[in-house]
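**Q** What follows is input01.cif, mmCIF, C-alpha atoms.
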```cif
data_coords
#
loop_
_atom_site.label_atom_id
_atom_site.label_comp_id
_atom_site.auth_asym_id
_atom_site.auth_seq_id
_atom_site.Cartn_x
_atom_site.Cartn_y
_atom_site.Cartn_z
CA MET D 1 0.00 0.00 0.00
CA THR D 2 2.88 2.33 0.77
CA SER D 3 4.08 2.08 -2.82
CA PHE D 4 0.97 3.94 -3.92
CA GLU D 5 1.35 6.84 -1.47
CA PRO D 6 3.57 8.98 -3.78
CA SER D 7 0.95 8.72 -6.56
CA HIS D 8 -1.70 10.07 -4.16
CA GLY D 9 0.55 12.99 -3.35
CA VAL D 10 0.84 13.98 -7.07
CA SER D 11 -2.81 13.56 -8.01
CA GLY D 12 -4.02 16.28 -5.60
CA PRO D 13 -2.34 19.28 -7.32
CA VAL D 14 -3.11 17.89 -10.79
CA VAL D 15 -6.82 17.63 -10.04
CA ALA D 16 -6.87 21.12 -8.52
CA LYS D 17 -5.11 22.56 -11.56
CA ALA D 18 -7.56 20.82 -13.89
CA LYS D 19 -10.48 22.26 -11.92
CA ARG D 20 -8.99 25.76 -12.13
CA THR D 21 -8.55 25.36 -15.90
CA MET D 22 -12.15 24.21 -16.31
CA ASN D 23 -13.42 27.13 -14.21
CA TRP D 24 -11.36 29.58 -16.27
CA ARG D 25 -12.71 28.17 -19.55
CA LEU D 26 -16.25 28.24 -18.18
CA ARG D 27 -15.88 31.91 -17.24
CA ILE D 28 -14.57 32.79 -20.70
CA THR D 29 -17.40 30.88 -22.37
CA THR D 30 -19.98 32.62 -20.17
CA ALA D 31 -18.45 36.04 -20.88
CA ILE D 32 -18.47 35.38 -24.64
CA ARG D 33 -22.12 34.31 -24.51
CA ARG D 34 -23.09 37.43 -22.56
CA PHE D 35 -21.19 39.65 -25.00
CA ALA D 36 -22.85 37.94 -27.97
CA LEU D 37 -26.31 38.37 -26.43
CA ALA D 38 -25.64 42.04 -25.64
CA THR D 39 -24.38 42.65 -29.19
CA LEU D 40 -27.41 40.90 -30.68
CA ALA D 41 -29.77 42.92 -28.48
CA GLY D 42 -28.01 46.14 -29.56
CA LEU D 43 -28.34 45.23 -33.23
CA VAL D 44 -32.03 44.44 -32.83
CA LEU D 45 -32.62 47.74 -31.02
CA ALA D 46 -30.70 49.67 -33.69
CA GLY D 47 -32.79 47.99 -36.38
CA ILE D 48 -36.02 48.95 -34.62
CA VAL D 49 -34.88 52.58 -34.22
CA HIS D 50 -33.91 52.73 -37.91
CA ILE D 51 -37.30 51.42 -39.00
CA VAL D 52 -39.12 53.92 -36.77
CA ILE D 53 -37.06 56.82 -38.16
CA VAL D 54 -37.73 55.76 -41.75
CA LEU D 55 -41.46 55.54 -41.04
CA LEU D 56 -41.42 59.01 -39.44
CA ILE D 57 -39.62 60.75 -42.33
CA PRO D 58 -42.80 61.65 -44.27
CA LEU D 59 -44.44 62.98 -41.10
CA LEU D 60 -41.41 65.03 -40.05
CA SER D 61 -40.90 66.46 -43.53
CA GLU D 62 -44.43 67.86 -43.44
CA ARG D 63 -43.50 69.93 -40.38
CA ASP D 64 -40.40 71.68 -41.69
CA ALA D 65 -40.47 75.41 -42.44
CA ALA D 66 -40.23 75.03 -46.22
CA THR D 67 -43.37 72.88 -46.26
CA ALA D 68 -45.31 74.92 -43.70
CA TYR D 69 -44.81 78.21 -45.59
CA ALA D 70 -44.78 76.81 -49.14
CA ALA D 71 -47.76 78.95 -50.17
CA LEU D 72 -46.14 82.24 -49.11
CA GLY D 73 -44.12 84.40 -51.46
CA ALA D 74 -44.79 82.22 -54.48
CA GLY D 75 -45.78 85.31 -56.45
CA GLY D 76 -42.26 86.71 -56.53
CA GLN D 77 -42.37 88.91 -53.42
CA ALA D 78 -41.67 87.97 -49.81
CA GLU D 79 -44.66 87.80 -47.48
CA LEU D 80 -44.66 88.54 -43.76
CA VAL D 81 -44.95 85.72 -41.26
CA SER D 82 -46.13 86.23 -37.71
CA ALA D 83 -47.75 84.37 -34.86
CA GLN D 84 -51.06 85.74 -36.09
CA THR D 85 -50.69 84.36 -39.63
CA THR D 86 -53.87 82.35 -40.21
CA GLY D 87 -53.43 78.60 -40.26
CA LEU D 88 -49.63 78.69 -40.08
CA PRO D 89 -47.25 77.95 -37.19
CA ALA D 90 -45.40 80.85 -35.63
CA PRO D 91 -41.69 81.15 -36.46
CA ARG D 92 -39.45 79.29 -34.02
CA ASP D 93 -37.49 82.46 -33.36
CA ALA D 94 -40.62 84.48 -32.57
CA ASP D 95 -38.61 87.38 -31.15
CA PRO D 96 -40.90 90.42 -31.01
CA ALA D 97 -38.03 92.57 -32.29
CA LEU D 98 -37.59 90.45 -35.43
CA VAL D 99 -39.71 90.89 -38.54
CA THR D 100 -39.78 87.74 -40.69
CA ALA D 101 -40.85 87.38 -44.30
CA VAL D 102 -40.57 84.33 -46.54
CA CYS D 103 -40.36 83.52 -50.20
CA SER D 104 -40.97 79.92 -51.30
CA TYR D 105 -39.21 78.59 -54.37
CA ASP D 106 -39.57 75.72 -56.81
CA LEU D 107 -36.52 75.29 -59.02
CA SER D 108 -38.25 72.88 -61.39
CA ALA D 109 -39.19 75.96 -63.44
CA GLY D 110 -35.63 77.30 -63.38
CA PRO D 111 -33.20 79.17 -61.10
CA MET D 112 -34.55 81.90 -58.81
CA ARG D 113 -33.01 85.32 -58.29
CA VAL D 114 -33.23 86.85 -54.81
CA VAL D 115 -32.80 90.62 -54.48
CA ALA D 116 -32.96 92.60 -51.23
CA ARG D 117 -32.25 96.28 -50.67
CA VAL D 118 -30.58 97.04 -47.37
CA GLY D 119 -31.04 100.04 -45.14
CA SER D 120 -30.33 101.25 -41.64
CA LEU D 121 -31.81 98.13 -40.00
CA PRO D 122 -29.92 94.80 -39.79
CA LEU D 123 -31.09 92.34 -42.47
CA GLY D 124 -30.33 88.64 -42.91
CA LEU D 125 -31.35 86.15 -45.59
CA SER D 126 -31.22 82.37 -45.27
CA LEU D 127 -32.08 79.45 -47.52
CA HIS D 128 -34.01 76.55 -45.98
CA ARG D 129 -34.20 73.22 -47.77
CA ARG D 130 -37.41 71.28 -48.00
CA GLY D 131 -37.17 68.57 -45.36
CA GLY D 132 -35.26 70.81 -42.97
CA GLY D 133 -31.86 72.40 -42.70
CA VAL D 134 -30.29 75.73 -43.60
CA GLY D 135 -28.35 75.62 -46.86
CA TYR D 136 -27.08 79.19 -47.04
CA ALA D 137 -27.11 82.43 -45.08
CA ILE D 138 -25.98 85.99 -45.80
CA THR D 139 -26.29 89.36 -44.04
CA ASP D 140 -26.47 92.98 -45.11
CA ARG D 141 -22.72 93.30 -44.53
CA ALA D 142 -22.19 91.50 -47.84
CA ALA D 143 -24.32 94.01 -49.75
CA ILE D 144 -22.83 95.68 -52.82
CA ARG D 145 -24.04 99.23 -53.42
CA GLY D 146 -26.86 98.67 -50.95
CA VAL D 147 -28.14 95.46 -52.58
CA LEU D 148 -27.97 91.79 -51.60
CA GLU D 149 -28.41 89.56 -54.64
CA PHE D 150 -27.90 85.88 -55.39
CA VAL D 151 -29.31 83.16 -57.64
CA VAL D 152 -30.60 79.85 -56.23
CA MET D 153 -30.24 76.80 -58.47
CA THR D 154 -29.78 73.05 -58.53
CA THR D 155 -26.46 71.39 -59.33
CA GLU D 156 -27.68 70.59 -62.85
CA GLN D 157 -28.72 74.20 -63.43
CA LEU D 158 -25.33 75.39 -62.20
CA ASP D 159 -23.61 73.10 -64.70
CA GLU D 160 -25.78 74.55 -67.48
CA ARG D 161 -24.87 78.11 -66.49
CA LEU D 162 -21.20 77.30 -66.32
CA ALA D 163 -21.41 75.79 -69.80
CA ARG D 164 -23.09 78.97 -71.07
CA ASP D 165 -20.54 81.27 -69.48
CA GLU D 166 -18.04 82.67 -71.95
CA GLU D 167 -14.69 80.94 -71.71
CA GLY D 168 -12.35 82.91 -69.48
CA GLU D 169 -15.12 85.28 -68.38
CA THR D 170 -15.56 85.75 -64.64
CA THR D 171 -19.17 86.19 -63.59
CA ARG D 172 -20.07 88.46 -60.70
CA GLU D 173 -23.29 86.57 -60.13
CA LEU D 174 -23.45 84.92 -56.70
CA ARG D 175 -24.76 81.41 -57.26
CA VAL D 176 -26.17 79.31 -54.43
CA VAL D 177 -26.82 75.60 -54.96
CA SER D 178 -29.85 74.01 -53.31
CA ASP D 179 -29.85 70.23 -53.00
CA THR D 180 -33.66 70.22 -53.10
CA GLU D 181 -35.87 71.75 -55.79
CA GLN D 182 -38.28 73.19 -53.25
CA GLY D 183 -37.35 75.39 -50.36
CA LEU D 184 -37.72 78.71 -48.64
CA ILE D 185 -35.89 82.04 -48.53
CA VAL D 186 -36.30 83.62 -45.10
CA ALA D 187 -35.71 87.35 -44.59
CA ARG D 188 -35.25 88.66 -41.05
CA VAL D 189 -35.04 92.33 -40.17
CA LEU D 190 -34.27 93.58 -36.67
CA ALA D 191 -36.47 96.43 -35.46
CA LYS D 192 -34.21 98.05 -32.87
CA LEU D 193 -37.07 100.17 -31.52
CA PRO D 194 -40.85 99.74 -31.68
CA SER D 195 -40.94 102.78 -33.95
CA ASP D 196 -38.67 100.91 -36.41
CA ARG D 197 -41.22 98.17 -37.04
CA PRO D 198 -42.95 99.77 -40.06
CA ASP D 199 -39.57 100.23 -41.77
CA ALA D 200 -38.55 96.68 -40.84
CA GLU D 201 -41.74 95.26 -42.34
CA ALA D 202 -41.30 97.29 -45.51
CA MET D 203 -37.70 96.06 -45.88
CA ALA D 204 -38.68 92.41 -45.30
CA LYS D 205 -41.59 92.60 -47.75
CA GLY D 206 -39.33 94.31 -50.26
CA VAL D 207 -37.29 91.14 -50.85
CA ALA D 208 -37.91 90.02 -54.43
CA CYS D 209 -37.62 86.39 -55.53
CA GLY D 210 -38.48 85.57 -59.11
CA LEU D 211 -37.20 83.51 -62.03
CA ALA D 212 -33.62 84.33 -62.88
CA ASP D 213 -33.98 83.67 -66.62
#
```
Rewrite the structure from the file as structure tokens, please.

**A**
Amino acid sequence: MTSFEPSHGVSGPVVAKAKRTMNWRLRITTAIRRFALATLAGLVLAGIVHIVIVLLIPLLSERDAATAYAALGAGGQAELVSAQTTGLPAPRDADPALVTAVCSYDLSAGPMRVVARVGSLPLGLSLHRRGGGVGYAITDRAAIRGVLEFVVMTTEQLDERLARDEEGETTRELRVVSDTEQGLIVARVLAKLPSDRPDAEAMAKGVACGLAD
């Protein structure tokens, strides 16, 4: 019996080491499974969020400024927008000192020329794409001889104009590319004093936006 005693002394550490190895492998396997489940859950959640966003796009696009005010200024002259405008939402920046007028555009008929005469009151013009987002902005500081002027067009219309330009000729026309055919030109005039409001409204309504050709 004594001849077997050394073998008993060796088997103890070997068994313990084997158990530690099995426990270590089990922990790694468990961790991998948990990570895989968490990753899968994240992918499923991301897929659900993506589907919801896609389904909401038509609804959200109907609430952007270009869609809400599409009927204003279509006749070639900017129209005032206020909280009292019938059936339309108030501007987000409904600052009582700001006078806002808008001009909608549809470039399917051709490029649109925007012309605004500046005065003693601060004036800013911005282009809003249909679907949301500001594509361009300019202030009265960029006016030349008291006039702000630029032409809004699509990329295709810009290519056509560049092809028509005389070779080597530098055009002074400021061209602004809109990545959507429909959109909105927003004019904002700051009435520094309540007595400035009539002049601010006249300046905002004086913004012209008609076909460039």

**Q** Name the closest residue to D:Met153 among the candidates D:Lys205, D:Arg34, D:Arg130, D:Arg175; distances are taken between atoms, counting only C-alpha atoms.

**A**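 Answer, going by the shortest atom-to-atom distance: D:Arg175.
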
**Q** From the set D:Leu162, D:Arg197, D:Gly132, D:Ala70, which residue has the shortest atom-to-atom contact distance to D:Pro96, counting all atoms listed in the file?

**A**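 Checking each candidate against D:Pro96, we get D:Arg197 as the closest.
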
**Q** Please indicate the distance in Å from atom CA of D:Glu156 to atom CA of D:Ser108, rounded to one decimal place.

**A**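 Answer for the atom CA of D:Glu156 to atom CA of D:Ser108 separation: 10.9 Å.
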
**Q** Pull out every residue that the PyMOL selection byres ((chain D and resi 79) around 12) matches in the shown coordinates and put them as a PyMOL selection string.

**A** chain D and resi 69-78+80-82+85+99-104+184-188+201-209

**Q** In terms of the shortest atom-to-atom distance over all atoms listed in the file, which of D:Thr39, D:Ser178, D:Thr154, D:Thr139 is closest to D:Ser126?

**A**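 For D:Ser126, the nearest of the candidates is D:Thr139.
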
**Q** Box for stretch 170-188 of chain D - axis-aligned, 5 Å on each of the six sides, all listed atoms - centre and size in Å to one decimal, as JSON.

**A**
```
{"center_x": -26.9, "center_y": 79.4, "center_z": -52.8, "size_x": 32.7, "size_y": 28.4, "size_z": 33.6}
```

**Q** With distances taken over all atoms listed in the file, which residue among D:Ala36, D:Ala137, D:Ala200, D:Ala212 lies nearest D:Leu121?

**A**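 Checking each candidate against D:Leu121, we get D:Ala200 as the closest.
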
**Q** Take the PyMOL selection byres ((chain D and resi 115) around 8), apply it to the structure above, and return the hits as a ChimeraX atom specification.

**A** /D:113-114,116-117,147-150,207-209

**Q** Go through the shown structure with the PyMOL selection byres ((chain D and resi 136) around 8) and write out the matching residues as a list of chain:residue names.

**A**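 So the PyMOL selection byres ((chain D and resi 136) around 8), applied here, picks out D:Ser126, D:Leu127, D:His128, D:Val134, D:Gly135, D:Ala137, D:Ile138, D:Val176.
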
**Q** Work out how far atom CA of D:Leu190 is from atom CA of D:Arg145, in Å to one decimal.

**A**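 Going from atom CA of D:Arg145 over to atom CA of D:Leu190 covers 20.4 Å.
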
**Q** With all atoms listed in the file as the basis for distance, which of D:Val152, D:Leu40, D:Ala143, D:Ile28 is at the shortest distance from D:Met112?

**A**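 Nearest to D:Met112: D:Val152.
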
**Q** Report the distance between atom CA of D:Asp196 and atom CA of D:Ala142 in Å, rounded to one decimal place.

**A**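 Those two atoms sit 22.2 Å apart.
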
**Q** Hey, which of D:Glu181, D:Asp199, D:Glu166, D:Asp159 ends up closest to D:Gly119? Count all atoms listed in the file.

**A**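 Checking each of D:Glu181, D:Asp199, D:Glu166, D:Asp159 against D:Gly119, counting all atoms listed in the file, the winner is D:Asp199.
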
**Q** Could you list, as a PyMOL selection string, every residue within 7 Å of D:Gln182, counting only C-alpha atoms and ignoring same-chain residues fewer than 2 positions away?

**A** chain D and resi 105-107+129-130+180

**Q** Taking C-alpha atoms for each residue, export the selection above as a CSV table (one decimal), in the frame of the given file.

**A**
```
chain,number,residue,atom,x,y,z
D,105,TYR,CA,-39.2,78.6,-54.4
D,106,ASP,CA,-39.6,75.7,-56.8
D,107,LEU,CA,-36.5,75.3,-59.0
D,129,ARG,CA,-34.2,73.2,-47.8
D,130,ARG,CA,-37.4,71.3,-48.0
D,180,THR,CA,-33.7,70.2,-53.1
```
